[in-house]
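S.K.: Got a file for you: work.pdb, PDB, N, CA and C atoms.
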```pdb
ATOM      1  N   MET A   1       4.205   9.145 -29.818
ATOM      2  CA  MET A   1       3.038   8.576 -29.182
ATOM      3  C   MET A   1       3.443   7.300 -28.437
ATOM      4  N   ARG A   2       2.987   7.182 -27.213
ATOM      5  CA  ARG A   2       3.299   5.998 -26.404
ATOM      6  C   ARG A   2       2.396   4.829 -26.784
ATOM      7  N   ALA A   3       2.969   3.646 -26.711
ATOM      8  CA  ALA A   3       2.179   2.438 -26.942
ATOM      9  C   ALA A   3       1.427   2.078 -25.669
ATOM     10  N   ALA A   4       0.296   1.442 -25.830
ATOM     11  CA  ALA A   4      -0.476   0.989 -24.670
ATOM     12  C   ALA A   4       0.309  -0.076 -23.917
ATOM     13  N   PRO A   5       0.225  -0.086 -22.588
ATOM     14  CA  PRO A   5       0.915  -1.108 -21.794
ATOM     15  C   PRO A   5       0.381  -2.504 -22.097
ATOM     16  N   ALA A   6       1.210  -3.520 -21.851
ATOM     17  CA  ALA A   6       0.783  -4.904 -22.055
ATOM     18  C   ALA A   6      -0.471  -5.190 -21.235
ATOM     19  N   ALA A   7      -1.379  -5.949 -21.824
ATOM     20  CA  ALA A   7      -2.689  -6.187 -21.209
ATOM     21  C   ALA A   7      -2.593  -6.844 -19.840
ATOM     22  N   ASP A   8      -1.721  -7.853 -19.672
ATOM     23  CA  ASP A   8      -1.658  -8.542 -18.386
ATOM     24  C   ASP A   8      -1.121  -7.628 -17.288
ATOM     25  N   PHE A   9      -0.134  -6.796 -17.597
ATOM     26  CA  PHE A   9       0.388  -5.851 -16.614
ATOM     27  C   PHE A   9      -0.687  -4.823 -16.275
ATOM     28  N   ALA A  10      -1.366  -4.329 -17.289
ATOM     29  CA  ALA A  10      -2.423  -3.335 -17.075
ATOM     30  C   ALA A  10      -3.531  -3.896 -16.189
ATOM     31  N   GLU A  11      -3.947  -5.111 -16.457
ATOM     32  CA  GLU A  11      -4.993  -5.733 -15.644
ATOM     33  C   GLU A  11      -4.543  -5.889 -14.197
ATOM     34  N   ALA A  12      -3.291  -6.270 -14.004
ATOM     35  CA  ALA A  12      -2.766  -6.439 -12.645
ATOM     36  C   ALA A  12      -2.724  -5.099 -11.908
ATOM     37  N   VAL A  13      -2.305  -4.049 -12.600
ATOM     38  CA  VAL A  13      -2.269  -2.714 -11.984
ATOM     39  C   VAL A  13      -3.668  -2.298 -11.571
ATOM     40  N   LEU A  14      -4.621  -2.436 -12.462
ATOM     41  CA  LEU A  14      -5.992  -2.013 -12.173
ATOM     42  C   LEU A  14      -6.596  -2.821 -11.026
ATOM     43  N   GLU A  15      -6.223  -4.079 -10.918
ATOM     44  CA  GLU A  15      -6.689  -4.917  -9.812
ATOM     45  C   GLU A  15      -6.152  -4.384  -8.476
ATOM     46  N   VAL A  16      -4.877  -4.037  -8.440
ATOM     47  CA  VAL A  16      -4.276  -3.493  -7.215
ATOM     48  C   VAL A  16      -4.949  -2.174  -6.848
ATOM     49  N   VAL A  17      -5.131  -1.301  -7.824
ATOM     50  CA  VAL A  17      -5.729   0.015  -7.563
ATOM     51  C   VAL A  17      -7.158  -0.128  -7.057
ATOM     52  N   THR A  18      -7.915  -1.028  -7.629
ATOM     53  CA  THR A  18      -9.302  -1.245  -7.211
ATOM     54  C   THR A  18      -9.378  -1.684  -5.750
ATOM     55  N   ALA A  19      -8.349  -2.373  -5.271
ATOM     56  CA  ALA A  19      -8.344  -2.895  -3.899
ATOM     57  C   ALA A  19      -7.878  -1.888  -2.847
ATOM     58  N   ILE A  20      -7.460  -0.696  -3.269
ATOM     59  CA  ILE A  20      -7.043   0.319  -2.293
ATOM     60  C   ILE A  20      -8.300   0.841  -1.588
ATOM     61  N   PRO A  21      -8.352   0.754  -0.252
ATOM     62  CA  PRO A  21      -9.554   1.201   0.467
ATOM     63  C   PRO A  21      -9.748   2.717   0.410
ATOM     64  N   PRO A  22     -10.987   3.167   0.505
ATOM     65  CA  PRO A  22     -11.252   4.603   0.576
ATOM     66  C   PRO A  22     -10.458   5.243   1.721
ATOM     67  N   GLY A  23      -9.939   6.428   1.470
ATOM     68  CA  GLY A  23      -9.175   7.157   2.490
ATOM     69  C   GLY A  23      -7.718   6.760   2.551
ATOM     70  N   GLN A  24      -7.325   5.796   1.724
ATOM     71  CA  GLN A  24      -5.935   5.374   1.691
ATOM     72  C   GLN A  24      -5.396   5.510   0.276
ATOM     73  N   VAL A  25      -4.064   5.500   0.151
ATOM     74  CA  VAL A  25      -3.415   5.688  -1.142
ATOM     75  C   VAL A  25      -2.212   4.758  -1.275
ATOM     76  N   MET A  26      -1.758   4.634  -2.504
ATOM     77  CA  MET A  26      -0.480   3.986  -2.802
ATOM     78  C   MET A  26       0.229   4.862  -3.821
ATOM     79  N   THR A  27       1.550   4.868  -3.783
ATOM     80  CA  THR A  27       2.296   5.582  -4.804
ATOM     81  C   THR A  27       2.392   4.693  -6.047
ATOM     82  N   TYR A  28       2.785   5.297  -7.152
ATOM     83  CA  TYR A  28       2.989   4.521  -8.375
ATOM     84  C   TYR A  28       4.023   3.425  -8.109
ATOM     85  N   GLY A  29       5.067   3.756  -7.366
ATOM     86  CA  GLY A  29       6.096   2.786  -7.021
ATOM     87  C   GLY A  29       5.577   1.684  -6.118
ATOM     88  N   ASP A  30       4.677   2.028  -5.190
ATOM     89  CA  ASP A  30       4.071   1.014  -4.320
ATOM     90  C   ASP A  30       3.303  -0.017  -5.146
ATOM     91  N   VAL A  31       2.531   0.470  -6.113
ATOM     92  CA  VAL A  31       1.744  -0.428  -6.956
ATOM     93  C   VAL A  31       2.684  -1.341  -7.738
ATOM     94  N   ALA A  32       3.727  -0.763  -8.306
ATOM     95  CA  ALA A  32       4.701  -1.560  -9.054
ATOM     96  C   ALA A  32       5.326  -2.622  -8.155
ATOM     97  N   ALA A  33       5.703  -2.245  -6.933
ATOM     98  CA  ALA A  33       6.352  -3.181  -6.011
ATOM     99  C   ALA A  33       5.448  -4.360  -5.671
ATOM    100  N   VAL A  34       4.164  -4.112  -5.496
ATOM    101  CA  VAL A  34       3.218  -5.193  -5.209
ATOM    102  C   VAL A  34       3.222  -6.220  -6.345
ATOM    103  N   LEU A  35       3.495  -5.739  -7.549
ATOM    104  CA  LEU A  35       3.509  -6.621  -8.719
ATOM    105  C   LEU A  35       4.892  -7.200  -8.986
ATOM    106  N   GLY A  36       5.834  -6.969  -8.060
ATOM    107  CA  GLY A  36       7.181  -7.491  -8.226
ATOM    108  C   GLY A  36       7.991  -6.738  -9.255
ATOM    109  N   SER A  37       7.661  -5.468  -9.445
ATOM    110  CA  SER A  37       8.291  -4.644 -10.466
ATOM    111  C   SER A  37       8.834  -3.353  -9.854
ATOM    112  N   ARG A  38       9.707  -2.699 -10.587
ATOM    113  CA  ARG A  38      10.183  -1.371 -10.190
ATOM    114  C   ARG A  38       9.691  -0.325 -11.191
ATOM    115  N   ALA A  39       8.742  -0.695 -12.024
ATOM    116  CA  ALA A  39       8.284   0.118 -13.142
ATOM    117  C   ALA A  39       7.168   1.090 -12.765
ATOM    118  N   ALA A  40       7.501   2.055 -11.903
ATOM    119  CA  ALA A  40       6.510   3.048 -11.474
ATOM    120  C   ALA A  40       5.956   3.835 -12.669
ATOM    121  N   ARG A  41       6.813   4.145 -13.621
ATOM    122  CA  ARG A  41       6.336   4.891 -14.797
ATOM    123  C   ARG A  41       5.360   4.064 -15.623
ATOM    124  N   ALA A  42       5.585   2.773 -15.686
ATOM    125  CA  ALA A  42       4.654   1.906 -16.409
ATOM    126  C   ALA A  42       3.296   1.898 -15.715
ATOM    127  N   VAL A  43       3.304   1.942 -14.385
ATOM    128  CA  VAL A  43       2.043   2.044 -13.639
ATOM    129  C   VAL A  43       1.352   3.359 -14.017
ATOM    130  N   GLY A  44       2.119   4.441 -14.099
ATOM    131  CA  GLY A  44       1.554   5.722 -14.519
ATOM    132  C   GLY A  44       0.953   5.657 -15.910
ATOM    133  N   ASN A  45       1.616   4.941 -16.810
ATOM    134  CA  ASN A  45       1.079   4.782 -18.161
ATOM    135  C   ASN A  45      -0.234   3.997 -18.143
ATOM    136  N   VAL A  46      -0.293   2.961 -17.347
ATOM    137  CA  VAL A  46      -1.539   2.192 -17.227
ATOM    138  C   VAL A  46      -2.650   3.093 -16.718
ATOM    139  N   MET A  47      -2.340   3.886 -15.709
ATOM    140  CA  MET A  47      -3.366   4.770 -15.155
ATOM    141  C   MET A  47      -3.811   5.804 -16.188
ATOM    142  N   ALA A  48      -2.875   6.299 -16.988
ATOM    143  CA  ALA A  48      -3.228   7.278 -18.021
ATOM    144  C   ALA A  48      -4.112   6.652 -19.105
ATOM    145  N   TRP A  49      -3.824   5.418 -19.479
ATOM    146  CA  TRP A  49      -4.570   4.743 -20.537
ATOM    147  C   TRP A  49      -5.902   4.173 -20.057
ATOM    148  N   TYR A  50      -5.900   3.564 -18.863
ATOM    149  CA  TYR A  50      -7.049   2.769 -18.433
ATOM    150  C   TYR A  50      -7.629   3.134 -17.065
ATOM    151  N   GLY A  51      -7.066   4.102 -16.397
ATOM    152  CA  GLY A  51      -7.397   4.363 -15.006
ATOM    153  C   GLY A  51      -8.701   5.069 -14.711
ATOM    154  N   SER A  52      -9.419   5.504 -15.718
ATOM    155  CA  SER A  52     -10.625   6.296 -15.445
ATOM    156  C   SER A  52     -11.752   5.501 -14.791
ATOM    157  N   ASP A  53     -11.722   4.189 -14.900
ATOM    158  CA  ASP A  53     -12.795   3.359 -14.332
ATOM    159  C   ASP A  53     -12.473   2.796 -12.955
ATOM    160  N   VAL A  54     -11.329   3.167 -12.398
ATOM    161  CA  VAL A  54     -10.916   2.725 -11.066
ATOM    162  C   VAL A  54     -10.683   3.973 -10.215
ATOM    163  N   PRO A  55     -10.517   3.833  -8.895
ATOM    164  CA  PRO A  55     -10.287   5.006  -8.046
ATOM    165  C   PRO A  55      -8.874   5.583  -8.262
ATOM    166  N   TRP A  56      -8.674   6.223  -9.399
ATOM    167  CA  TRP A  56      -7.381   6.734  -9.850
ATOM    168  C   TRP A  56      -6.736   7.697  -8.858
ATOM    169  N   TRP A  57      -7.540   8.452  -8.099
ATOM    170  CA  TRP A  57      -7.013   9.440  -7.159
ATOM    171  C   TRP A  57      -6.268   8.780  -6.002
ATOM    172  N   ARG A  58      -6.457   7.494  -5.815
ATOM    173  CA  ARG A  58      -5.772   6.782  -4.730
ATOM    174  C   ARG A  58      -4.353   6.362  -5.107
ATOM    175  N   VAL A  59      -3.929   6.659  -6.320
ATOM    176  CA  VAL A  59      -2.548   6.407  -6.749
ATOM    177  C   VAL A  59      -1.889   7.766  -6.935
ATOM    178  N   ILE A  60      -0.863   8.007  -6.132
ATOM    179  CA  ILE A  60      -0.252   9.336  -6.093
ATOM    180  C   ILE A  60       1.261   9.258  -6.316
ATOM    181  N   ARG A  61       1.856  10.439  -6.446
ATOM    182  CA  ARG A  61       3.312  10.516  -6.602
ATOM    183  C   ARG A  61       3.984  10.270  -5.258
ATOM    184  N   ALA A  62       5.241   9.892  -5.292
ATOM    185  CA  ALA A  62       6.001   9.575  -4.075
ATOM    186  C   ALA A  62       6.084  10.765  -3.125
ATOM    187  N   SER A  63       5.894  11.963  -3.627
ATOM    188  CA  SER A  63       5.923  13.174  -2.800
ATOM    189  C   SER A  63       4.638  13.353  -2.004
ATOM    190  N   GLY A  64       3.614  12.555  -2.313
ATOM    191  CA  GLY A  64       2.317  12.697  -1.666
ATOM    192  C   GLY A  64       1.347  13.550  -2.468
ATOM    193  N   HIS A  65       1.788  14.014  -3.628
ATOM    194  CA  HIS A  65       0.945  14.862  -4.468
ATOM    195  C   HIS A  65       0.142  14.029  -5.460
ATOM    196  N   ALA A  66      -1.023  14.537  -5.794
ATOM    197  CA  ALA A  66      -1.893  13.886  -6.778
ATOM    198  C   ALA A  66      -1.265  13.980  -8.163
ATOM    199  N   ALA A  67      -1.808  13.222  -9.082
ATOM    200  CA  ALA A  67      -1.328  13.244 -10.462
ATOM    201  C   ALA A  67      -1.389  14.665 -11.014
ATOM    202  N   ILE A  68      -0.363  15.027 -11.734
ATOM    203  CA  ILE A  68      -0.270  16.370 -12.323
ATOM    204  C   ILE A  68      -1.478  16.610 -13.224
ATOM    205  N   GLY A  69      -2.112  17.749 -13.024
ATOM    206  CA  GLY A  69      -3.275  18.119 -13.818
ATOM    207  C   GLY A  69      -4.593  17.624 -13.246
ATOM    208  N   HIS A  70      -4.521  16.809 -12.202
ATOM    209  CA  HIS A  70      -5.742  16.255 -11.610
ATOM    210  C   HIS A  70      -5.869  16.613 -10.127
ATOM    211  N   GLU A  71      -5.081  17.565  -9.683
ATOM    212  CA  GLU A  71      -5.034  17.905  -8.263
ATOM    213  C   GLU A  71      -6.386  18.348  -7.706
ATOM    214  N   ASP A  72      -7.101  19.187  -8.433
ATOM    215  CA  ASP A  72      -8.386  19.693  -7.927
ATOM    216  C   ASP A  72      -9.442  18.591  -7.849
ATOM    217  N   ARG A  73      -9.518  17.765  -8.880
ATOM    218  CA  ARG A  73     -10.489  16.664  -8.870
ATOM    219  C   ARG A  73     -10.140  15.647  -7.798
ATOM    220  N   ALA A  74      -8.849  15.361  -7.641
ATOM    221  CA  ALA A  74      -8.422  14.404  -6.619
ATOM    222  C   ALA A  74      -8.762  14.929  -5.227
ATOM    223  N   LEU A  75      -8.573  16.229  -5.011
ATOM    224  CA  LEU A  75      -8.847  16.812  -3.701
ATOM    225  C   LEU A  75     -10.302  16.598  -3.291
ATOM    226  N   LEU A  76     -11.211  16.697  -4.229
ATOM    227  CA  LEU A  76     -12.630  16.448  -3.920
ATOM    228  C   LEU A  76     -12.823  15.014  -3.416
ATOM    229  N   HIS A  77     -12.179  14.068  -4.063
ATOM    230  CA  HIS A  77     -12.269  12.666  -3.638
ATOM    231  C   HIS A  77     -11.595  12.458  -2.278
ATOM    232  N   PHE A  78     -10.408  13.046  -2.099
ATOM    233  CA  PHE A  78      -9.698  12.900  -0.828
ATOM    234  C   PHE A  78     -10.541  13.416   0.330
ATOM    235  N   ARG A  79     -11.141  14.573   0.140
ATOM    236  CA  ARG A  79     -11.977  15.148   1.209
ATOM    237  C   ARG A  79     -13.197  14.277   1.474
ATOM    238  N   ALA A  80     -13.823  13.790   0.427
ATOM    239  CA  ALA A  80     -15.024  12.954   0.583
ATOM    240  C   ALA A  80     -14.698  11.648   1.311
ATOM    241  N   GLU A  81     -13.487  11.124   1.108
ATOM    242  CA  GLU A  81     -13.100   9.854   1.718
ATOM    243  C   GLU A  81     -12.384  10.023   3.055
ATOM    244  N   GLY A  82     -12.093  11.263   3.440
ATOM    245  CA  GLY A  82     -11.390  11.492   4.696
ATOM    246  C   GLY A  82      -9.916  11.127   4.640
ATOM    247  N   THR A  83      -9.315  11.212   3.472
ATOM    248  CA  THR A  83      -7.890  10.917   3.310
ATOM    249  C   THR A  83      -7.077  11.957   4.084
ATOM    250  N   PRO A  84      -6.125  11.528   4.916
ATOM    251  CA  PRO A  84      -5.303  12.488   5.666
ATOM    252  C   PRO A  84      -4.480  13.362   4.721
ATOM    253  N   LEU A  85      -4.599  14.674   4.899
ATOM    254  CA  LEU A  85      -3.910  15.638   4.044
ATOM    255  C   LEU A  85      -3.032  16.559   4.875
ATOM    256  N   VAL A  86      -2.028  17.126   4.228
ATOM    257  CA  VAL A  86      -1.139  18.112   4.832
ATOM    258  C   VAL A  86      -1.234  19.367   3.973
ATOM    259  N   THR A  87      -1.452  20.512   4.593
ATOM    260  CA  THR A  87      -1.473  21.775   3.869
ATOM    261  C   THR A  87      -0.042  22.234   3.632
ATOM    262  N   THR A  88       0.240  22.664   2.403
ATOM    263  CA  THR A  88       1.574  23.146   2.046
ATOM    264  C   THR A  88       1.455  24.531   1.431
ATOM    265  N   ASP A  89       2.590  25.180   1.199
ATOM    266  CA  ASP A  89       2.578  26.491   0.547
ATOM    267  C   ASP A  89       1.997  26.406  -0.864
ATOM    268  N   GLU A  90       2.182  25.248  -1.496
ATOM    269  CA  GLU A  90       1.677  25.047  -2.858
ATOM    270  C   GLU A  90       0.233  24.553  -2.885
ATOM    271  N   GLY A  91      -0.320  24.199  -1.754
ATOM    272  CA  GLY A  91      -1.683  23.689  -1.700
ATOM    273  C   GLY A  91      -1.836  22.567  -0.694
ATOM    274  N   TYR A  92      -1.663  21.330  -1.139
ATOM    275  CA  TYR A  92      -1.817  20.184  -0.246
ATOM    276  C   TYR A  92      -1.012  19.005  -0.776
ATOM    277  N   ARG A  93      -0.863  18.016   0.070
ATOM    278  CA  ARG A  93      -0.355  16.701  -0.317
ATOM    279  C   ARG A  93      -0.992  15.700   0.631
ATOM    280  N   VAL A  94      -0.994  14.458   0.250
ATOM    281  CA  VAL A  94      -1.507  13.392   1.105
ATOM    282  C   VAL A  94      -0.447  13.077   2.154
ATOM    283  N   ASP A  95      -0.882  12.845   3.380
ATOM    284  CA  ASP A  95       0.028  12.446   4.453
ATOM    285  C   ASP A  95       0.280  10.944   4.297
ATOM    286  N   LEU A  96       1.373  10.610   3.614
ATOM    287  CA  LEU A  96       1.666   9.204   3.330
ATOM    288  C   LEU A  96       1.881   8.385   4.590
ATOM    289  N   ARG A  97       2.401   9.006   5.625
ATOM    290  CA  ARG A  97       2.625   8.277   6.884
ATOM    291  C   ARG A  97       1.315   7.715   7.409
ATOM    292  N   LEU A  98       0.235   8.452   7.254
ATOM    293  CA  LEU A  98      -1.067   8.022   7.770
ATOM    294  C   LEU A  98      -1.943   7.320   6.726
ATOM    295  N   ALA A  99      -1.768   7.664   5.472
ATOM    296  CA  ALA A  99      -2.712   7.203   4.440
ATOM    297  C   ALA A  99      -2.194   6.069   3.567
ATOM    298  N   ARG A 100      -0.909   5.719   3.677
ATOM    299  CA  ARG A 100      -0.362   4.695   2.772
ATOM    300  C   ARG A 100      -0.980   3.328   3.033
ATOM    301  N   HIS A 101      -1.486   2.718   1.977
ATOM    302  CA  HIS A 101      -2.061   1.370   2.046
ATOM    303  C   HIS A 101      -0.977   0.353   1.725
ATOM    304  N   THR A 102      -0.881  -0.651   2.554
ATOM    305  CA  THR A 102       0.064  -1.743   2.316
ATOM    306  C   THR A 102      -0.731  -3.037   2.213
ATOM    307  N   PRO A 103      -0.910  -3.534   0.993
ATOM    308  CA  PRO A 103      -1.682  -4.779   0.825
ATOM    309  C   PRO A 103      -1.029  -5.930   1.554
ATOM    310  N   GLU A 104      -1.847  -6.840   2.011
ATOM    311  CA  GLU A 104      -1.324  -8.006   2.736
ATOM    312  C   GLU A 104      -1.024  -9.158   1.828
TER     313      GLU A 104
END
```
Give the structure from the file, written as structure tokens.
M.R.:
Amino acid sequence: MRAAPAADFAEAVLEVVTAIPPGQVMTYGDVAAVLGSRAARAVGNVMAWYGSDVPWWRVIRASGHAAIGHEDRALLHFRAEGTPLVTTDEGYRVDLRLARHTPE
């Protein structure tokens, strides 16, 4: 069983995720980088533990794919927000070139 992430890191991750505008996304690594970290997996752990109250679908894998097991639910949000998507043989992915959010 995994331990819950440290509270201050978790709060910082959730703050970054909350600030991602509709129709845009960040990868787990992008979120970590904004916090001065390379801990993309730790960002994933925060999202798994605490992410249900923030726009979790806006944090995706580096490949442009939604979180494993949440692809269908994320797609509903992506379509509602007008997030740029690319159709693939496996289904879809987010077009990171067009949709990546870079905080200032």
S.K.: For this file, the PyMOL selection byres (((chain A and resi 69-78 and name CA) around 10) and name CA) selects which residues, as a VMD selection string?
M.R.: chain A and resid 22 to 25 55 to 60 65 to 68 79 to 85 91 to 94
S.K.: Quick one: residues within 8 Å of stretch 27-40 of chain A, only C-alpha atoms counted, chain neighbours fewer than 3 positions away excluded, as a list in words?
M.R.: Ala12, Val13, Val16, Val17, Val43, Gly44, Val59, Ile60, Arg61, Ala62, Gly64 and Pro103 of chain A
S.K.: At most 6 Å from (-5.3, -5.9, -1.4), file frame, all atoms listed in the file: which residues, as an MDAnalysis selection string?
M.R.: chainID A and resid 19:20 103:104
S.K.: One number please: atom CA of A:Val54 to atom CA of A:Thr87, in Å, one decimal.
M.R.: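 Result for atom CA of A:Val54 versus atom CA of A:Thr87: 26.0 Å, one decimal.
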S.K.: Expressed in Å to a single decimal, how great is the separation between atom C of A:Leu98 and atom CA of A:Pro21?
M.R.: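 These two atoms are separated by 11.6 Å.
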S.K.: Based on the backbone DSSP call, show me all residues of chain A assigned helix (DSSP H, G or I), as a tab-separated table (two decimals) with N, CA and C atoms, in the frame of the given file.
M.R.:
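File result.tsv, as written:
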```
chain	number	residue	atom	x	y	z
A	7	ALA	N	-1.38	-5.95	-21.82
A	7	ALA	CA	-2.69	-6.19	-21.21
A	7	ALA	C	-2.59	-6.84	-19.84
A	8	ASP	N	-1.72	-7.85	-19.67
A	8	ASP	CA	-1.66	-8.54	-18.39
A	8	ASP	C	-1.12	-7.63	-17.29
A	9	PHE	N	-0.13	-6.80	-17.60
A	9	PHE	CA	0.39	-5.85	-16.61
A	9	PHE	C	-0.69	-4.82	-16.27
A	10	ALA	N	-1.37	-4.33	-17.29
A	10	ALA	CA	-2.42	-3.34	-17.08
A	10	ALA	C	-3.53	-3.90	-16.19
A	11	GLU	N	-3.95	-5.11	-16.46
A	11	GLU	CA	-4.99	-5.73	-15.64
A	11	GLU	C	-4.54	-5.89	-14.20
A	12	ALA	N	-3.29	-6.27	-14.00
A	12	ALA	CA	-2.77	-6.44	-12.64
A	12	ALA	C	-2.72	-5.10	-11.91
A	13	VAL	N	-2.31	-4.05	-12.60
A	13	VAL	CA	-2.27	-2.71	-11.98
A	13	VAL	C	-3.67	-2.30	-11.57
A	14	LEU	N	-4.62	-2.44	-12.46
A	14	LEU	CA	-5.99	-2.01	-12.17
A	14	LEU	C	-6.60	-2.82	-11.03
A	15	GLU	N	-6.22	-4.08	-10.92
A	15	GLU	CA	-6.69	-4.92	-9.81
A	15	GLU	C	-6.15	-4.38	-8.48
A	16	VAL	N	-4.88	-4.04	-8.44
A	16	VAL	CA	-4.28	-3.49	-7.22
A	16	VAL	C	-4.95	-2.17	-6.85
A	17	VAL	N	-5.13	-1.30	-7.82
A	17	VAL	CA	-5.73	0.02	-7.56
A	17	VAL	C	-7.16	-0.13	-7.06
A	18	THR	N	-7.92	-1.03	-7.63
A	18	THR	CA	-9.30	-1.25	-7.21
A	18	THR	C	-9.38	-1.68	-5.75
A	28	TYR	N	2.78	5.30	-7.15
A	28	TYR	CA	2.99	4.52	-8.38
A	28	TYR	C	4.02	3.42	-8.11
A	29	GLY	N	5.07	3.76	-7.37
A	29	GLY	CA	6.10	2.79	-7.02
A	29	GLY	C	5.58	1.68	-6.12
A	30	ASP	N	4.68	2.03	-5.19
A	30	ASP	CA	4.07	1.01	-4.32
A	30	ASP	C	3.30	-0.02	-5.15
A	31	VAL	N	2.53	0.47	-6.11
A	31	VAL	CA	1.74	-0.43	-6.96
A	31	VAL	C	2.68	-1.34	-7.74
A	32	ALA	N	3.73	-0.76	-8.31
A	32	ALA	CA	4.70	-1.56	-9.05
A	32	ALA	C	5.33	-2.62	-8.15
A	33	ALA	N	5.70	-2.24	-6.93
A	33	ALA	CA	6.35	-3.18	-6.01
A	33	ALA	C	5.45	-4.36	-5.67
A	34	VAL	N	4.16	-4.11	-5.50
A	34	VAL	CA	3.22	-5.19	-5.21
A	34	VAL	C	3.22	-6.22	-6.34
A	40	ALA	N	7.50	2.06	-11.90
A	40	ALA	CA	6.51	3.05	-11.47
A	40	ALA	C	5.96	3.84	-12.67
A	41	ARG	N	6.81	4.14	-13.62
A	41	ARG	CA	6.34	4.89	-14.80
A	41	ARG	C	5.36	4.06	-15.62
A	42	ALA	N	5.58	2.77	-15.69
A	42	ALA	CA	4.65	1.91	-16.41
A	42	ALA	C	3.30	1.90	-15.72
A	43	VAL	N	3.30	1.94	-14.38
A	43	VAL	CA	2.04	2.04	-13.64
A	43	VAL	C	1.35	3.36	-14.02
A	44	GLY	N	2.12	4.44	-14.10
A	44	GLY	CA	1.55	5.72	-14.52
A	44	GLY	C	0.95	5.66	-15.91
A	45	ASN	N	1.62	4.94	-16.81
A	45	ASN	CA	1.08	4.78	-18.16
A	45	ASN	C	-0.23	4.00	-18.14
A	46	VAL	N	-0.29	2.96	-17.35
A	46	VAL	CA	-1.54	2.19	-17.23
A	46	VAL	C	-2.65	3.09	-16.72
A	47	MET	N	-2.34	3.89	-15.71
A	47	MET	CA	-3.37	4.77	-15.16
A	47	MET	C	-3.81	5.80	-16.19
A	48	ALA	N	-2.88	6.30	-16.99
A	48	ALA	CA	-3.23	7.28	-18.02
A	48	ALA	C	-4.11	6.65	-19.10
A	49	TRP	N	-3.82	5.42	-19.48
A	49	TRP	CA	-4.57	4.74	-20.54
A	49	TRP	C	-5.90	4.17	-20.06
A	50	TYR	N	-5.90	3.56	-18.86
A	50	TYR	CA	-7.05	2.77	-18.43
A	50	TYR	C	-7.63	3.13	-17.07
A	51	GLY	N	-7.07	4.10	-16.40
A	51	GLY	CA	-7.40	4.36	-15.01
A	51	GLY	C	-8.70	5.07	-14.71
A	52	SER	N	-9.42	5.50	-15.72
A	52	SER	CA	-10.62	6.30	-15.44
A	52	SER	C	-11.75	5.50	-14.79
A	53	ASP	N	-11.72	4.19	-14.90
A	53	ASP	CA	-12.80	3.36	-14.33
A	53	ASP	C	-12.47	2.80	-12.96
A	56	TRP	N	-8.67	6.22	-9.40
A	56	TRP	CA	-7.38	6.73	-9.85
A	56	TRP	C	-6.74	7.70	-8.86
A	57	TRP	N	-7.54	8.45	-8.10
A	57	TRP	CA	-7.01	9.44	-7.16
A	57	TRP	C	-6.27	8.78	-6.00
A	58	ARG	N	-6.46	7.49	-5.82
A	58	ARG	CA	-5.77	6.78	-4.73
A	58	ARG	C	-4.35	6.36	-5.11
A	71	GLU	N	-5.08	17.57	-9.68
A	71	GLU	CA	-5.03	17.90	-8.26
A	71	GLU	C	-6.39	18.35	-7.71
A	72	ASP	N	-7.10	19.19	-8.43
A	72	ASP	CA	-8.39	19.69	-7.93
A	72	ASP	C	-9.44	18.59	-7.85
A	73	ARG	N	-9.52	17.76	-8.88
A	73	ARG	CA	-10.49	16.66	-8.87
A	73	ARG	C	-10.14	15.65	-7.80
A	74	ALA	N	-8.85	15.36	-7.64
A	74	ALA	CA	-8.42	14.40	-6.62
A	74	ALA	C	-8.76	14.93	-5.23
A	75	LEU	N	-8.57	16.23	-5.01
A	75	LEU	CA	-8.85	16.81	-3.70
A	75	LEU	C	-10.30	16.60	-3.29
A	76	LEU	N	-11.21	16.70	-4.23
A	76	LEU	CA	-12.63	16.45	-3.92
A	76	LEU	C	-12.82	15.01	-3.42
A	77	HIS	N	-12.18	14.07	-4.06
A	77	HIS	CA	-12.27	12.67	-3.64
A	77	HIS	C	-11.60	12.46	-2.28
A	78	PHE	N	-10.41	13.05	-2.10
A	78	PHE	CA	-9.70	12.90	-0.83
A	78	PHE	C	-10.54	13.42	0.33
A	79	ARG	N	-11.14	14.57	0.14
A	79	ARG	CA	-11.98	15.15	1.21
A	79	ARG	C	-13.20	14.28	1.47
A	80	ALA	N	-13.82	13.79	0.43
A	80	ALA	CA	-15.02	12.95	0.58
A	80	ALA	C	-14.70	11.65	1.31
A	81	GLU	N	-13.49	11.12	1.11
A	81	GLU	CA	-13.10	9.85	1.72
A	81	GLU	C	-12.38	10.02	3.06
A	96	LEU	N	1.37	10.61	3.61
A	96	LEU	CA	1.67	9.20	3.33
A	96	LEU	C	1.88	8.38	4.59
A	97	ARG	N	2.40	9.01	5.62
A	97	ARG	CA	2.62	8.28	6.88
A	97	ARG	C	1.32	7.72	7.41
A	98	LEU	N	0.24	8.45	7.25
A	98	LEU	CA	-1.07	8.02	7.77
A	98	LEU	C	-1.94	7.32	6.73
A	99	ALA	N	-1.77	7.66	5.47
A	99	ALA	CA	-2.71	7.20	4.44
A	99	ALA	C	-2.19	6.07	3.57
```
S.K.: So how far away is atom CA of A:Val46 from atom CA of A:Ala10, in Å?
M.R.: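 That distance, rounded to one decimal, is 5.6 Å.
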S.K.: With 8 Å of padding per side, what axis-aligned box (centre and edge lengths, Å, one decimal) covers all the listed atoms of stretch 56-70 of chain A? Give it as AutoDock Vina command-line options.
M.R.:
```
--center_x -1.3 --center_y 12.2 --center_z -7.7 --size_x 30.8 --size_y 27.9 --size_z 28.2
```
S.K.: Run DSSP on the backbone and give me the residues of chain A it puts in strand (DSSP E), as a list in words.
M.R.: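 DSSP on the backbone gives strand (DSSP E) at Met26, Thr27, Val59, Ile60, Leu85, Val86, Thr87, Thr88, Gly91, Tyr92, Arg93 and Val94 of chain A.
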S.K.: Which residue, A:Leu96, A:Thr18, A:Glu90, A:Ala6, has the smallest gap to A:Asp53 when you use all atoms listed in the file?
M.R.: A:Thr18
